[in-house]
>>> print(open('query-v2.tsv').read())   # TSV, C-alpha atoms
chain	number	residue	atom	x	y	z
P	1	MET	CA	0.00	0.00	0.00
P	2	ARG	CA	1.33	3.41	-0.93
P	3	ALA	CA	1.80	6.01	1.81
P	4	ILE	CA	-0.23	8.81	0.21
P	5	PRO	CA	-3.52	6.87	-0.20
P	6	LEU	CA	-3.11	5.48	3.30
P	7	ALA	CA	-2.61	8.94	4.78
P	8	ALA	CA	-5.55	10.30	2.81
P	9	LYS	CA	-7.87	7.62	4.14
P	10	LEU	CA	-6.72	8.33	7.67
P	11	ALA	CA	-7.39	12.02	7.21
P	12	GLN	CA	-10.87	11.29	5.84
P	13	SER	CA	-11.63	9.13	8.85
P	14	LEU	CA	-10.46	11.76	11.30
P	15	GLY	CA	-12.43	14.42	9.45
P	16	SER	CA	-15.64	12.44	9.88
P	17	VAL	CA	-15.35	12.19	13.68
P	18	ARG	CA	-18.09	14.14	15.47
P	19	LEU	CA	-16.91	16.31	18.34
P	20	VAL	CA	-19.00	15.84	21.51
P	21	ARG	CA	-18.33	19.35	22.74
P	22	PRO	CA	-16.90	22.53	21.24
P	23	VAL	CA	-13.12	22.65	20.94
P	24	ARG	CA	-11.18	25.78	21.81
P	25	PRO	CA	-8.79	27.25	19.20
P	26	VAL	CA	-5.75	26.02	21.16
P	27	GLY	CA	-7.26	22.56	21.23
P	28	LEU	CA	-7.86	22.66	17.49
P	29	VAL	CA	-4.20	23.48	16.90
P	30	ARG	CA	-3.10	20.63	19.13
P	31	LEU	CA	-5.51	18.29	17.39
P	32	ALA	CA	-4.24	19.34	13.97
P	33	LEU	CA	-0.61	18.82	15.01
P	34	SER	CA	-1.41	15.41	16.44
P	35	VAL	CA	-3.21	14.38	13.26
P	36	LEU	CA	-0.29	15.62	11.12
P	37	ALA	CA	2.21	13.69	13.24
P	38	LEU	CA	0.13	10.54	13.02
P	39	ILE	CA	-0.26	10.82	9.23
P	40	THR	CA	3.49	11.40	8.85
P	41	SER	CA	4.43	8.39	10.96
P	42	VAL	CA	2.00	6.15	9.07
P	43	ALA	CA	3.34	7.41	5.75
P	44	LEU	CA	6.94	6.75	6.75
P	45	ALA	CA	6.06	3.28	7.99
P	46	ALA	CA	4.28	2.51	4.72
P	47	THR	CA	7.24	3.56	2.59
P	48	ALA	CA	9.83	1.62	4.60
P	49	SER	CA	10.56	-1.75	3.04
P	50	PRO	CA	10.39	-4.68	5.47
P	51	ASP	CA	12.33	-6.86	3.02
P	52	PRO	CA	15.90	-7.39	4.36
P	53	THR	CA	17.05	-8.58	0.95
P	54	LEU	CA	16.73	-5.00	-0.32
P	55	HIS	CA	18.96	-3.54	2.38
P	56	TRP	CA	22.74	-3.70	2.42
P	57	THR	CA	25.70	-1.40	2.91
P	58	ASN	CA	28.43	-0.66	0.39
P	59	PRO	CA	31.16	-1.68	0.15
P	60	LEU	CA	29.63	-5.11	0.50
P	61	VAL	CA	32.91	-7.02	0.83
P	62	GLU	CA	36.23	-5.20	1.05
P	63	GLN	CA	39.32	-6.17	-0.96
P	64	ARG	CA	37.46	-8.52	-3.25
P	65	ALA	CA	37.52	-7.84	-6.99
P	66	ASP	CA	35.78	-9.51	-9.95
P	67	ALA	CA	32.96	-10.65	-7.68
P	68	GLN	CA	30.22	-13.04	-8.68
P	69	ILE	CA	27.12	-13.33	-6.49
P	70	ALA	CA	24.47	-15.91	-7.35
P	71	TYR	CA	21.27	-16.74	-5.48
P	72	GLN	CA	20.84	-20.51	-5.27
P	73	SER	CA	17.89	-22.80	-4.57
P	74	ASP	CA	19.02	-23.53	-1.00
P	75	GLY	CA	18.08	-19.96	-0.05
P	76	ASN	CA	21.60	-18.56	0.08
P	77	TYR	CA	23.58	-16.02	-1.87
P	78	TYR	CA	26.94	-17.51	-2.88
P	79	PHE	CA	29.88	-15.15	-3.27
P	80	THR	CA	33.22	-15.75	-4.91
P	81	ALA	CA	35.82	-13.25	-6.08
P	82	THR	CA	39.49	-12.58	-6.73
P	83	VAL	CA	41.47	-12.37	-3.48
P	84	PRO	CA	44.32	-9.81	-3.31
P	85	GLU	CA	46.96	-12.52	-2.92
P	86	TYR	CA	45.85	-14.17	-6.20
P	87	ASP	CA	46.58	-17.56	-4.63
P	88	ARG	CA	43.31	-19.35	-3.79
P	89	LEU	CA	39.63	-19.86	-4.47
P	90	GLU	CA	37.12	-19.29	-1.72
P	91	LEU	CA	33.36	-19.26	-1.23
P	92	ARG	CA	31.12	-17.53	1.24
P	93	ARG	CA	27.36	-17.68	1.60
P	94	ALA	CA	24.52	-15.98	3.47
P	95	PRO	CA	20.71	-15.70	3.15
P	96	THR	CA	21.00	-11.95	2.51
P	97	LEU	CA	23.42	-9.81	0.56
P	98	ASP	CA	24.40	-7.88	3.66
P	99	GLY	CA	25.14	-11.16	5.41
P	100	LEU	CA	27.99	-11.81	2.96
P	101	ARG	CA	29.96	-9.05	4.68
P	102	THR	CA	30.53	-11.15	7.81
P	103	ALA	CA	30.18	-14.64	6.32
P	104	GLU	CA	33.20	-16.85	6.99
P	105	PRO	CA	35.12	-17.58	3.76
P	106	LYS	CA	35.75	-21.23	2.97
P	107	VAL	CA	38.88	-21.98	0.94
P	108	ILE	CA	38.11	-24.74	-1.54
P	109	TRP	CA	41.30	-24.78	-3.61
P	110	ARG	CA	44.83	-23.32	-3.59
P	111	LYS	CA	47.26	-22.61	-6.41
P	112	HIS	CA	49.82	-25.19	-7.53
P	113	ALA	CA	53.39	-24.86	-6.28
P	114	THR	CA	54.73	-25.52	-9.79
P	115	GLY	CA	53.42	-25.70	-13.34
P	116	ILE	CA	49.97	-24.64	-14.53
P	117	MET	CA	47.51	-23.01	-12.16
P	118	GLY	CA	50.42	-21.71	-10.13
P	119	SER	CA	49.79	-17.94	-10.11
P	120	HIS	CA	47.31	-15.14	-10.88
P	121	ILE	CA	44.23	-17.00	-9.68
P	122	TRP	CA	41.55	-14.65	-10.96
P	123	ALA	CA	37.82	-14.08	-11.40
P	124	PRO	CA	36.18	-17.30	-10.15
P	125	GLU	CA	32.53	-18.03	-10.90
P	126	LEU	CA	30.31	-20.67	-9.30
P	127	HIS	CA	27.67	-22.40	-11.45
P	128	HIS	CA	25.29	-25.30	-10.76
P	129	ILE	CA	24.94	-27.42	-13.91
P	130	ASN	CA	23.15	-30.77	-14.27
P	131	GLY	CA	23.21	-31.42	-10.54
P	132	LYS	CA	26.90	-30.63	-10.01
P	133	TRP	CA	28.84	-27.54	-8.98
P	134	TYR	CA	31.43	-26.03	-11.28
P	135	LEU	CA	33.87	-23.28	-10.51
P	136	TYR	CA	35.40	-21.46	-13.49
P	137	PHE	CA	38.52	-19.34	-13.09
P	138	SER	CA	41.67	-17.99	-14.74
P	139	ALA	CA	45.22	-18.89	-13.74
P	140	GLY	CA	48.81	-18.33	-14.83
P	141	GLY	CA	51.75	-20.67	-14.52
P	142	ALA	CA	53.99	-20.81	-11.48
P	143	GLU	CA	57.05	-20.23	-13.65
P	144	ASN	CA	55.39	-17.92	-16.20
P	145	VAL	CA	52.68	-15.89	-14.50
P	146	TRP	CA	51.35	-14.46	-17.77
P	147	ASP	CA	50.61	-17.84	-19.33
P	148	ILE	CA	47.04	-17.29	-18.23
P	149	ARG	CA	44.37	-19.80	-19.31
P	150	ILE	CA	40.87	-20.76	-18.17
P	151	TYR	CA	40.17	-23.77	-15.94
P	152	VAL	CA	37.31	-25.62	-14.24
P	153	LEU	CA	36.75	-27.40	-10.93
P	154	GLU	CA	33.88	-29.85	-10.35
P	155	ASN	CA	32.06	-30.95	-7.19
P	156	PRO	CA	29.20	-33.51	-7.29
P	157	SER	CA	28.09	-32.79	-3.71
P	158	ALA	CA	24.68	-31.22	-3.14
P	159	ASP	CA	26.42	-28.71	-0.88
P	160	PRO	CA	29.42	-26.93	-2.46
P	161	TYR	CA	30.91	-26.55	1.02
P	162	GLN	CA	31.07	-30.35	1.24
P	163	GLY	CA	32.42	-33.06	-1.06
P	164	GLU	CA	35.57	-32.95	-3.14
P	165	TRP	CA	36.54	-30.37	-5.72
P	166	THR	CA	38.40	-32.02	-8.59
P	167	GLU	CA	40.28	-30.33	-11.41
P	168	LYS	CA	38.65	-30.85	-14.80
P	169	GLY	CA	41.55	-29.05	-16.47
P	170	GLN	CA	41.89	-26.29	-19.02
P	171	ILE	CA	39.10	-25.31	-21.36
P	172	LYS	CA	40.82	-25.61	-24.73
P	173	THR	CA	40.11	-22.80	-27.18
P	174	THR	CA	41.23	-22.09	-30.73
P	175	TRP	CA	44.61	-20.73	-29.67
P	176	GLU	CA	47.04	-21.30	-26.85
P	177	SER	CA	47.11	-17.64	-25.86
P	178	PHE	CA	46.29	-15.32	-22.96
P	179	ALA	CA	42.70	-16.20	-21.95
P	180	LEU	CA	40.66	-15.27	-18.89
P	181	ASP	CA	37.30	-14.49	-17.28
P	182	PRO	CA	35.09	-17.39	-18.36
P	183	THR	CA	31.37	-17.32	-17.69
P	184	THR	CA	28.63	-19.66	-18.88
P	185	PHE	CA	24.90	-19.51	-19.52
P	186	GLU	CA	22.18	-21.71	-20.98
P	187	PHE	CA	19.77	-20.40	-23.60
P	188	LYS	CA	17.06	-22.36	-25.41
P	189	GLY	CA	18.58	-25.67	-24.36
P	190	THR	CA	22.13	-24.83	-25.43
P	191	ARG	CA	24.95	-24.00	-23.05
P	192	TYR	CA	27.45	-21.33	-24.07
P	193	LEU	CA	30.82	-20.13	-22.81
P	194	VAL	CA	31.84	-16.46	-22.98
P	195	TRP	CA	35.41	-15.41	-22.24
P	196	ALA	CA	38.20	-12.97	-23.05
P	197	GLN	CA	41.24	-13.96	-25.12
P	198	LYS	CA	44.15	-12.50	-27.03
P	199	ASP	CA	44.18	-13.17	-30.77
P	200	PRO	CA	47.81	-13.91	-31.77
P	201	ALA	CA	47.13	-12.26	-35.12
P	202	THR	CA	46.54	-8.85	-33.46
P	203	PRO	CA	49.42	-8.42	-30.98
P	204	LYS	CA	48.53	-4.85	-30.03
P	205	VAL	CA	45.08	-5.91	-28.79
P	206	ASN	CA	45.14	-7.39	-25.31
P	207	SER	CA	41.83	-9.26	-25.41
P	208	ASN	CA	38.55	-9.64	-27.28
P	209	LEU	CA	35.31	-11.34	-26.22
P	210	TYR	CA	34.49	-14.77	-27.63
P	211	LEU	CA	31.45	-17.03	-27.57
P	212	ALA	CA	31.16	-20.78	-28.23
P	213	LYS	CA	28.82	-23.68	-27.58
P	214	MET	CA	29.72	-26.13	-24.84
P	215	ASP	CA	29.44	-29.91	-25.15
P	216	THR	CA	30.43	-30.48	-21.51
P	217	PRO	CA	30.75	-28.04	-18.60
P	218	TRP	CA	34.54	-28.13	-19.14
P	219	SER	CA	34.83	-28.01	-22.96
P	220	ILE	CA	33.60	-26.10	-25.98
P	221	THR	CA	32.61	-27.44	-29.36
P	222	GLY	CA	32.52	-25.93	-32.83
P	223	GLU	CA	33.75	-22.50	-33.80
P	224	GLN	CA	34.49	-19.75	-31.31
P	225	VAL	CA	33.25	-16.40	-32.59
P	226	MET	CA	34.35	-12.91	-31.62
P	227	ILE	CA	31.41	-10.84	-30.39
P	228	SER	CA	33.33	-7.72	-29.31
P	229	LYS	CA	36.75	-6.15	-29.69
P	230	PRO	CA	38.17	-2.95	-28.17
P	231	ASP	CA	37.69	-0.71	-31.18
P	232	LEU	CA	36.37	2.44	-29.47
P	233	PRO	CA	38.58	5.05	-27.76
P	234	TRP	CA	37.16	4.43	-24.26
P	235	GLU	CA	38.11	0.74	-24.61
P	236	GLN	CA	41.75	1.51	-25.38
P	237	ILE	CA	42.99	3.66	-22.47
P	238	GLY	CA	46.16	2.13	-21.11
P	239	TYR	CA	45.41	-1.21	-22.76
P	240	GLN	CA	43.14	-2.39	-25.54
P	241	VAL	CA	40.85	-4.57	-23.47
P	242	ASN	CA	37.48	-6.29	-23.53
P	243	GLU	CA	37.23	-8.69	-20.55
P	244	GLY	CA	35.09	-9.81	-17.62
P	245	PRO	CA	31.84	-10.69	-19.47
P	246	ALA	CA	28.57	-11.07	-17.54
P	247	VAL	CA	25.32	-12.29	-19.06
P	248	LEU	CA	21.74	-11.13	-18.45
P	249	VAL	CA	18.82	-12.59	-20.43
P	250	LYS	CA	15.66	-10.49	-20.21
P	251	ASN	CA	13.03	-8.64	-22.24
P	252	GLY	CA	13.66	-10.61	-25.43
P	253	ARG	CA	17.38	-9.91	-25.49
P	254	ILE	CA	20.72	-11.22	-24.30
P	255	PHE	CA	22.81	-8.49	-22.71
P	256	ILE	CA	26.52	-9.09	-22.15
P	257	THR	CA	28.39	-6.48	-20.17
P	258	TYR	CA	32.18	-6.38	-20.17
P	259	SER	CA	35.06	-4.34	-18.78
P	260	ALA	CA	37.32	-2.13	-20.88
P	261	SER	CA	40.66	-0.26	-20.65
P	262	ALA	CA	43.25	-0.39	-17.87
P	263	THR	CA	42.26	-1.44	-14.35
P	264	ASP	CA	42.76	2.04	-12.89
P	265	PHE	CA	40.15	4.84	-12.83
P	266	ASN	CA	39.70	4.38	-16.60
P	267	TYR	CA	38.17	0.92	-16.10
P	268	CYS	CA	34.54	0.95	-17.17
P	269	LEU	CA	31.71	-1.24	-18.45
P	270	GLY	CA	30.52	-1.64	-22.01
P	271	MET	CA	27.69	-3.79	-23.33
P	272	VAL	CA	26.78	-5.81	-26.41
P	273	THR	CA	23.22	-6.93	-27.10
P	274	ALA	CA	21.60	-9.62	-29.25
P	275	LYS	CA	17.92	-10.37	-29.85
P	276	ASP	CA	16.80	-13.70	-28.44
P	277	ASP	CA	15.59	-14.90	-31.85
P	278	SER	CA	18.97	-14.27	-33.50
P	279	ASN	CA	21.85	-16.64	-34.13
P	280	LEU	CA	24.11	-15.99	-31.15
P	281	LEU	CA	27.07	-17.45	-33.01
P	282	ASP	CA	26.76	-14.85	-35.77
P	283	PRO	CA	28.95	-11.86	-34.81
P	284	LYS	CA	26.52	-9.59	-36.68
P	285	SER	CA	23.83	-10.43	-34.12
P	286	TRP	CA	25.70	-8.48	-31.46
P	287	ILE	CA	25.31	-4.69	-31.28
P	288	LYS	CA	27.71	-2.68	-29.13
P	289	SER	CA	26.59	0.29	-27.07
P	290	PRO	CA	28.59	3.29	-28.35
P	291	ARG	CA	29.45	4.62	-24.88
P	292	PRO	CA	30.26	3.04	-21.53
P	293	VAL	CA	27.17	1.98	-19.63
P	294	PHE	CA	28.90	2.41	-16.24
P	295	ALA	CA	32.03	4.39	-15.41
P	296	THR	CA	33.94	6.40	-12.81
P	297	TRP	CA	31.70	8.84	-10.94
P	298	THR	CA	33.82	11.28	-8.95
P	299	VAL	CA	30.84	12.97	-7.29
P	300	ASN	CA	30.12	9.76	-5.40
P	301	GLY	CA	33.77	8.85	-4.91
P	302	GLN	CA	33.73	5.70	-7.05
P	303	TYR	CA	36.63	5.05	-9.44
P	304	GLY	CA	37.15	2.36	-12.06
P	305	PRO	CA	33.95	0.34	-11.62
P	306	GLY	CA	34.06	-2.93	-13.50
P	307	HIS	CA	33.98	-6.71	-13.76
P	308	ASN	CA	30.37	-7.06	-12.76
P	309	SER	CA	27.87	-9.85	-12.25
P	310	PHE	CA	24.09	-9.98	-11.93
P	311	THR	CA	21.80	-11.45	-9.30
P	312	THR	CA	18.27	-10.90	-8.01
P	313	THR	CA	16.28	-10.71	-4.83
P	314	PRO	CA	15.11	-14.17	-3.68
P	315	ASP	CA	11.68	-13.62	-5.25
P	316	GLY	CA	13.32	-12.80	-8.59
P	317	LYS	CA	11.45	-9.50	-8.88
P	318	THR	CA	14.35	-7.09	-8.44
P	319	ASP	CA	17.57	-7.24	-10.43
P	320	ILE	CA	20.81	-6.44	-8.64
P	321	PHE	CA	24.05	-5.32	-10.21
P	322	VAL	CA	27.36	-6.33	-8.57
P	323	TYR	CA	30.72	-4.72	-9.39
P	324	HIS	CA	34.02	-3.63	-7.88
P	325	SER	CA	35.51	-0.15	-7.65
P	326	ARG	CA	38.01	1.90	-5.67
P	327	GLN	CA	37.44	4.97	-3.52
P	328	TYR	CA	40.34	6.96	-4.95
P	329	ARG	CA	41.65	7.97	-8.36
P	330	ASP	CA	45.43	7.82	-8.09
P	331	ILE	CA	47.27	4.54	-7.57
P	332	LYS	CA	50.95	4.08	-6.81
P	333	GLY	CA	52.58	1.46	-9.04
P	334	ASP	CA	50.76	-1.29	-10.94
P	335	PRO	CA	47.00	-1.19	-10.30
P	336	LEU	CA	47.04	-5.00	-10.10
P	337	ASN	CA	49.08	-4.67	-6.90
P	338	ASP	CA	46.55	-2.35	-5.27
P	339	PRO	CA	44.22	-4.51	-3.12
P	340	ASN	CA	41.43	-1.99	-2.60
P	341	ARG	CA	38.98	-2.99	-5.28
P	342	HIS	CA	35.94	-3.52	-3.06
P	343	THR	CA	32.76	-5.36	-4.00
P	344	ARG	CA	29.67	-3.18	-4.24
P	345	ALA	CA	26.08	-3.75	-5.34
P	346	GLN	CA	23.09	-1.65	-6.34
P	347	ILE	CA	19.64	-2.15	-7.79
P	348	LEU	CA	19.48	-2.40	-11.58
P	349	HIS	CA	16.67	-0.40	-13.13
P	350	TRP	CA	15.11	-0.75	-16.58
P	351	ASN	CA	14.38	1.73	-19.34
P	352	PRO	CA	10.95	1.84	-21.05
P	353	ASP	CA	12.46	0.14	-24.12
P	354	GLY	CA	13.47	-2.90	-22.05
P	355	THR	CA	17.20	-2.13	-21.83
P	356	PRO	CA	19.06	-1.97	-18.50
P	357	ASP	CA	19.58	1.41	-16.84
P	358	PHE	CA	22.77	1.08	-14.81
P	359	GLY	CA	22.73	4.65	-13.57
P	360	VAL	CA	25.91	5.79	-11.83
P	361	PRO	CA	27.94	4.21	-9.02
P	362	VAL	CA	26.13	5.15	-5.81
P	363	PRO	CA	27.98	6.55	-2.80
P	364	ASP	CA	29.12	4.16	-0.10
P	365	GLY	CA	26.78	3.56	2.80
P	366	PRO	CA	23.37	1.93	3.38
P	367	LEU	CA	21.25	1.10	0.35
P	368	PRO	CA	18.89	1.72	-1.27
>>> encode(input="query-v2.tsv", output="structure tokens")
Amino acid sequence: MRAIPLAAKLAQSLGSVRLVRPVRPVGLVRLALSVLALITSVALAATASPDPTLHWTNPLVEQRADAQIAYQSDGNYYFTATVPEYDRLELRRAPTLDGLRTAEPKVIWRKHATGIMGSHIWAPELHHINGKWYLYFSAGGAENVWDIRIYVLENPSADPYQGEWTEKGQIKTTWESFALDPTTFEFKGTRYLVWAQKDPATPKVNSNLYLAKMDTPWSITGEQVMISKPDLPWEQIGYQVNEGPAVLVKNGRIFITYSASATDFNYCLGMVTAKDDSNLLDPKSWIKSPRPVFATWTVNGQYGPGHNSFTTTPDGKTDIFVYHSRQYRDIKGDPLNDPNRHTRAQILHWNPDGTPDFGVPVPDGPLP
């Protein structure tokens, strides 16, 4: 019930009360003030949301970048992200978003001492596929930290905190080149993988976005197609980068957001969109937004927002947008060595034409 109709009804009811005896002017003033106070308190109570899933405080989790939050059927939000040490994979869970702040992290895997998966453990994502849990992530070699590829862990337990996580190995793509940030989604009965990778034929470009069908949760099949490359000026600041894809299917379209440029205050989000009746493996199906959809907002003290994910309230009625950002512009040394990319979240709104309205990064503090 909205506050204004409720207050109006209350006023009507009070106005219909018959006074037993005449009221002095001072009494009328006191009565009017009492009525006004009562209407105000009722209105405020009516506008306050009792739903704890719509209340949290930013930053949600400090020193966690590339966060993925997913609401699962057991009634918990599951959180995983890049840790500043780049050395392990961890999960945390809670029934509310705000509960993730104090949830105890559970380490489920650590980097190898030698060989593959020995460094730069980045951007994990947890997915439940065909009754099993899968955790996708990027990793470099212990001896060559920039030999970054994409890998998968599997756990058949009903509870991802229990059971054994086994390594399913590297997801093999067209080239053996720098590859990172895998995510997966199912659409019309087909599972797809989206990731970022360097094309050896274009050495000046750090990474493009690619899409392919999956035949198992740890392998792709058929051709991988490029759906976005950093060809606009705001995607080429510091580095020519498209990375960190996140998928949202809604309103007859598939929206894929991605991060662009260097990981300092220039980091920002772009978006490509395809209609849900198009061939997703046709690069022409994907239309790029000409400007960033989410970027640094100095007024609110948020710098370099990027590498997002999407989740919802438990009832599925409200979309929530998760991202990381810093609270300052200038960074000493390599931004990758700065640990203060904190996880934040805000409500995602929608434009009349059915496209997402990301707005601007909100200031830190209680939301909404």
>>> atom_distance(input="query-v2.tsv", atom1="atom CA of Thr221 of chain P", atom2="atom CA of His128 of chain P")
20.1 Å
>>> closest_atom_pairs(input="query-v2.tsv", of="segment 161-239 of chain P", to="segment 56-71 of chain P", cutoff="12 Å", atoms="all atoms listed in the file", output="JSON lines")
{"residue": "P:Leu180", "atom": "CA", "partner": "P:Asp66", "partner_atom": "CA", "distance": 11.7}
{"residue": "P:Asp181", "atom": "CA", "partner": "P:Asp66", "partner_atom": "CA", "distance": 9.0}
{"residue": "P:Pro182", "atom": "CA", "partner": "P:Asp66", "partner_atom": "CA", "distance": 11.5}
{"residue": "P:Thr183", "atom": "CA", "partner": "P:Gln68", "partner_atom": "CA", "distance": 10.0}
>>> residues_around(input="query-v2.tsv", residues="Gly189 of chain P", least_positions_apart="4", cutoff="12 Å", atoms="all atoms listed in the file", output="count of residues only")
4
>>> residues_around(input="query-v2.tsv", residues="Leu89 of chain P", least_positions_apart="3", cutoff="8 Å", atoms="all atoms listed in the file", output="ChimeraX atom specification")
/P:80-83,107-110,121,124
>>> residues_near_point(input="query-v2.tsv", point="(20.5, -22.9, 0.4)", cutoff="10 Å", atoms="all atoms listed in the file", output="list in words")
Tyr71, Gln72, Ser73, Asp74, Gly75, Asn76, Tyr77, Tyr78, Arg93, Ala94, Pro95, Ala158 and Asp159 of chain P
>>> write_last_selection(input="query-v2.tsv", atoms="C-alpha atoms", output="JSON list (two decimals), keeping the file's coordinate frame")
[["chain", "number", "residue", "atom", "x", "y", "z"],
["P", 71, "TYR", "CA", 21.27, -16.74, -5.48],
["P", 72, "GLN", "CA", 20.84, -20.51, -5.27],
["P", 73, "SER", "CA", 17.89, -22.80, -4.57],
["P", 74, "ASP", "CA", 19.02, -23.53, -1.00],
["P", 75, "GLY", "CA", 18.08, -19.96, -0.05],
["P", 76, "ASN", "CA", 21.60, -18.56, 0.08],
["P", 77, "TYR", "CA", 23.58, -16.02, -1.87],
["P", 78, "TYR", "CA", 26.94, -17.51, -2.88],
["P", 93, "ARG", "CA", 27.36, -17.68, 1.60],
["P", 94, "ALA", "CA", 24.52, -15.98, 3.47],
["P", 95, "PRO", "CA", 20.71, -15.70, 3.15],
["P", 158, "ALA", "CA", 24.68, -31.22, -3.14],
["P", 159, "ASP", "CA", 26.42, -28.71, -0.88]]
>>> closest_residue(input="query-v2.tsv", among="P:Asn266, P:Asn279, P:Gln162, P:Ser138", to="Lys106 of chain P", atoms="all atoms listed in the file")
P:Gln162
>>> closest_residue(input="query-v2.tsv", among="P:Asn337, P:Leu348, P:Ala274, P:Gly244", to="Gly306 of chain P", atoms="all atoms listed in the file")
P:Gly244
>>> closest_residue(input="query-v2.tsv", among="P:Thr343, P:Ser207, P:Thr102, P:Thr311", to="Val249 of chain P", atoms="all atoms listed in the file")
P:Thr311
>>> atom_distance(input="query-v2.tsv", atom1="atom CA of Phe358 of chain P", atom2="atom CA of Gln346 of chain P")
8.9 Å
>>> residues_around(input="query-v2.tsv", residues="Trp165 of chain P", least_positions_apart="2", cutoff="8 Å", atoms="all atoms listed in the file", output="PDB file with C-alpha atoms, keeping the file's coordinate frame")
ATOM      1  CA  ILE P 108      38.110 -24.740  -1.540  1.00  0.00           C
ATOM      2  CA  TRP P 109      41.300 -24.780  -3.610  1.00  0.00           C
ATOM      3  CA  LEU P 153      36.750 -27.400 -10.930  1.00  0.00           C
ATOM      4  CA  GLU P 154      33.880 -29.850 -10.350  1.00  0.00           C
ATOM      5  CA  ASN P 155      32.060 -30.950  -7.190  1.00  0.00           C
ATOM      6  CA  GLY P 163      32.420 -33.060  -1.060  1.00  0.00           C
ATOM      7  CA  GLU P 167      40.280 -30.330 -11.410  1.00  0.00           C
TER       8      GLU P 167
END
>>> atom_distance(input="query-v2.tsv", atom1="atom CA of Leu248 of chain P", atom2="atom CA of Pro335 of chain P")
28.3 Å
>>> closest_residue(input="query-v2.tsv", among="P:Ile254, P:Val247, P:Val194, P:Leu280", to="Phe310 of chain P", atoms="only C-alpha atoms")
P:Val247
>>> residues_around(input="query-v2.tsv", residues="Ser261 of chain P", least_positions_apart="6", cutoff="7 Å", atoms="all atoms listed in the file", output="short mmCIF file (atom, residue, chain, number, x, y, z; two decimals) with C-alpha atoms, keeping the file's coordinate frame")
data_model
loop_
_atom_site.label_atom_id
_atom_site.label_comp_id
_atom_site.auth_asym_id
_atom_site.auth_seq_id
_atom_site.Cartn_x
_atom_site.Cartn_y
_atom_site.Cartn_z
CA TRP P 234 37.16 4.43 -24.26
CA GLU P 235 38.11 0.74 -24.61
CA GLN P 236 41.75 1.51 -25.38
CA ILE P 237 42.99 3.66 -22.47
CA GLY P 238 46.16 2.13 -21.11
CA TYR P 239 45.41 -1.21 -22.76
CA GLN P 240 43.14 -2.39 -25.54
CA VAL P 241 40.85 -4.57 -23.47
CA TYR P 267 38.17 0.92 -16.10
#
>>> closest_residue(input="query-v2.tsv", among="P:Ile116, P:Leu209, P:Leu54, P:Ala201", to="Trp175 of chain P", atoms="only C-alpha atoms")
P:Ala201
>>> closest_residue(input="query-v2.tsv", among="P:Gly301, P:Gly222, P:Pro217, P:Pro233", to="Val360 of chain P", atoms="only C-alpha atoms")
P:Gly301
>>> residues_around(input="query-v2.tsv", residues="Ser289 of chain P", least_positions_apart="3", cutoff="12 Å", atoms="only C-alpha atoms", output="list in words")
Ser228, Asp231, Leu232, Trp234, Glu235, Phe255, Ile256, Thr257, Tyr258, Leu269, Gly270, Met271, Val272, Thr273, Ala274, Trp286, Pro292, Val293, Phe294, Thr355 and Pro356 of chain P
